[in-house]
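*Asks:* Pasting a structure here, questions to come.
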Amino acid sequence: MALLTSSNSRSKINVILVLFVTFLVYCIYTISYNLPTSTTTTSTNVSQDIAETPIVPAGKPKSNACKTDQVGRNVDPNHTNAHIEFWRHLSEATIQVYRKRWQKFVSSVRRTQIPSNVSGRGIVLVAGNRDTFDRTLTAIKLLRHMHHCRLNIEVWHLSDEQPSEHMRQELESLGATARDLSDPQLVRPIIHRRNADKQFQIKAAAVINSAFKEVLYLDSDNVPAHDPTFLFDITEYKTTGALFWPDFWKTHGENKIFDVLDISCEDEWEQESGQMVIDKEKSWVPLQLAWYMQKHYEIYFQFLNGDKDTFKYAWKALDMPYHMTQAFVGMAGTMVNNRFCGHTMLQYAPASDEDDDTILFVHANLLKITDKKHFIHGDQPEHPWDLAKRSSMSHANTWIKPEFYISTQGQACMDFTHRQGEPDAITEDFDSVLPDFQTNYFKYGGIGGETRS
């Protein structure tokens, strides 16, 4: 009987042990299952905040403010019509692939720092193809001789677009340096050109590779109307590290760039990147993301119309601050058959307290593809800028309707329209608004319209 009792006791103890072990395993599994996880793998010398940067599917709360007629009426019709079916048929699986790729790139870039030999402020331009070196030379002459700007200047080019020896000497005499993007010692060298006329991918590379910590970037066909040095000291730039200007267009609500970058779509103007002011130390990571999108142009230029919005959207994707100039872009041009034909963009000084906004940049974006015969009358010299036109209520206003059209003489034109109660436009004599600019532009070798046979 004692032997039986002992055996029963051992059986009960074994059952209790099995139940306890089962319960313990269950608890451990439950706790481990609910712990937070991260998919980012990092090296041991990376700081903790960088090491924990996850690559995750879209999850930010998003605005759908761009999916309205108020945005649709302002989209670039050519770019939208060329790509809208691609946007509509892009799968979520494809979107996630490209979202994870740029996030992975950003995680790697966060481990880098701005080069220690970068310092000071300066102007960066790009040139090389066609007549861009000549246009750049005119802009630099105006900066030096008309505006008395003393900032250092770099002119970047591809390896197969070297300036002539005469051009190189002229640049050096003006305190400007020609620099080759193919130098393998650069942070972001460009060894091979893309198979296209326009090399949009060089813009971010030129800014990144420049010797300046703070950069005013200018397109080769963009001429300052005043000394732009003050831009480096205004509050809007000092507090953000990035100063941008608006374009004529808005981004279509069906554009999948919002999903790829995991950002909200807003009723706002796109960016016109013919001029930018960037503090590379404050903006190193978003600047690298802009470069990444330009490098992978075969993907991102199907969403974005060239390089221009890669900058603003890179800053948005990383939630980095920037200041977009509130004054809306204006136009300069002539009258063609009783209608204004704008062929040049006018960008204004940010945060102007004056009643009239100050024109700061004259960007001849369509002028260079317009036959110069339209601007020569009789024995008079070429005069492409007769009028300047701007919206009467342009500050932070998105109810404006710029419109692209082809004139009866075949010219590419921009004009403001007022079919739905948009604010009136103000038209002024160009030479009165910018005295001596046009005269000095041609005095220093400026190229107006295109010379055609």
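Labels used: A, B, ... for chains in the order of the structure tokens, numbers from 1 for residues in each chain, and numbers from 1 for ligands as shown.
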Output as JSON lines one row per residue of region 362-423 of chain A within 12 Å of region 139-159 of chain A: the closest atom pair and its distance in Å to one decimal place, counting only C-alpha atoms, sorted by chain and residue number ascending.
*Replies:*
{"residue": "A:Val362", "atom": "CA", "partner": "A:Ala139", "partner_atom": "CA", "distance": 10.2}
{"residue": "A:His363", "atom": "CA", "partner": "A:Ala139", "partner_atom": "CA", "distance": 10.7}
{"residue": "A:Ala364", "atom": "CA", "partner": "A:Ala139", "partner_atom": "CA", "distance": 11.6}
*Asks:* Could the residues in this selection be saved with N, CA and C atoms as a PDB file, in the first residue's frame?
*Replies:*
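The resulting file, out.pdb, is reproduced below:
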ATOM      1  N   VAL A 362      15.725  86.280 -63.979  1.00  0.00           N
ATOM      2  CA  VAL A 362      15.120  86.312 -65.311  1.00  0.00           C
ATOM      3  C   VAL A 362      15.530  85.015 -66.008  1.00  0.00           C
ATOM      4  N   HIS A 363      14.604  84.069 -66.068  1.00  0.00           N
ATOM      5  CA  HIS A 363      14.899  82.706 -66.530  1.00  0.00           C
ATOM      6  C   HIS A 363      14.285  82.507 -67.913  1.00  0.00           C
ATOM      7  N   ALA A 364      15.144  82.549 -68.943  1.00  0.00           N
ATOM      8  CA  ALA A 364      14.681  82.537 -70.341  1.00  0.00           C
ATOM      9  C   ALA A 364      14.427  81.117 -70.823  1.00  0.00           C
TER      10      ALA A 364
END
*Asks:* When you look at Pro402 (chain A) with a cut-off of 8 Å (counting only C-alpha atoms), what residues show up, excluding the ones that are within fewer than 3 positions of it in the same chain? I need them as JSON, numbers by chain.
*Replies:* {"A": [74, 248, 414, 415, 416, 417]}
*Asks:* Run DSSP on the backbone of this structure and report the residues of region 220-347 of chain A it assigns to alpha helix (DSSP H), as a tab-separated table (two decimals) with C-alpha atoms, in the first residue's frame.
*Replies:*
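result_1.tsv, freshly written:
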chain	number	residue	atom	x	y	z
A	235	THR	CA	15.50	84.38	-42.09
A	236	GLU	CA	13.60	81.98	-44.36
A	237	TYR	CA	16.85	80.43	-45.51
A	238	LYS	CA	18.74	80.54	-42.21
A	239	THR	CA	15.98	78.68	-40.35
A	240	THR	CA	15.47	75.93	-42.95
A	257	ILE	CA	5.01	59.81	-56.76
A	258	PHE	CA	2.97	60.44	-53.61
A	259	ASP	CA	2.72	56.69	-52.98
A	260	VAL	CA	6.33	55.90	-53.89
A	261	LEU	CA	7.64	58.58	-51.52
A	284	TRP	CA	22.90	66.69	-46.88
A	285	VAL	CA	20.50	63.73	-46.76
A	286	PRO	CA	17.59	65.16	-48.81
A	287	LEU	CA	20.10	66.50	-51.33
A	288	GLN	CA	21.42	62.95	-51.70
A	289	LEU	CA	17.88	61.64	-52.23
A	290	ALA	CA	17.34	64.23	-54.97
A	291	TRP	CA	20.55	62.97	-56.58
A	292	TYR	CA	19.29	59.38	-56.26
A	293	MET	CA	16.05	60.22	-58.08
A	294	GLN	CA	17.96	62.04	-60.80
A	295	LYS	CA	20.37	59.12	-61.16
A	297	TYR	CA	15.70	59.16	-64.06
A	298	GLU	CA	14.28	56.27	-66.08
A	299	ILE	CA	11.95	55.65	-63.11
A	300	TYR	CA	11.41	59.01	-61.44
A	308	LYS	CA	12.88	70.17	-60.92
A	309	ASP	CA	10.64	68.52	-58.34
A	310	THR	CA	13.16	65.91	-57.22
A	311	PHE	CA	14.40	68.50	-54.74
A	312	LYS	CA	11.11	69.53	-53.14
A	313	TYR	CA	9.84	65.96	-53.01
A	314	ALA	CA	13.10	64.67	-51.53
A	315	TRP	CA	12.73	67.21	-48.72
A	316	LYS	CA	9.08	66.19	-48.28
A	317	ALA	CA	9.86	62.46	-48.21
*Asks:* So the first atom is CA of Leu174 (chain A) and the second is CA of Lys372 (chain A); what is the distance between them in Å, to one decimal place?
*Replies:*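 Taking CA of Leu174 (chain A) as the start and CA of Lys372 (chain A) as the end point, the length is 28.3 Å.
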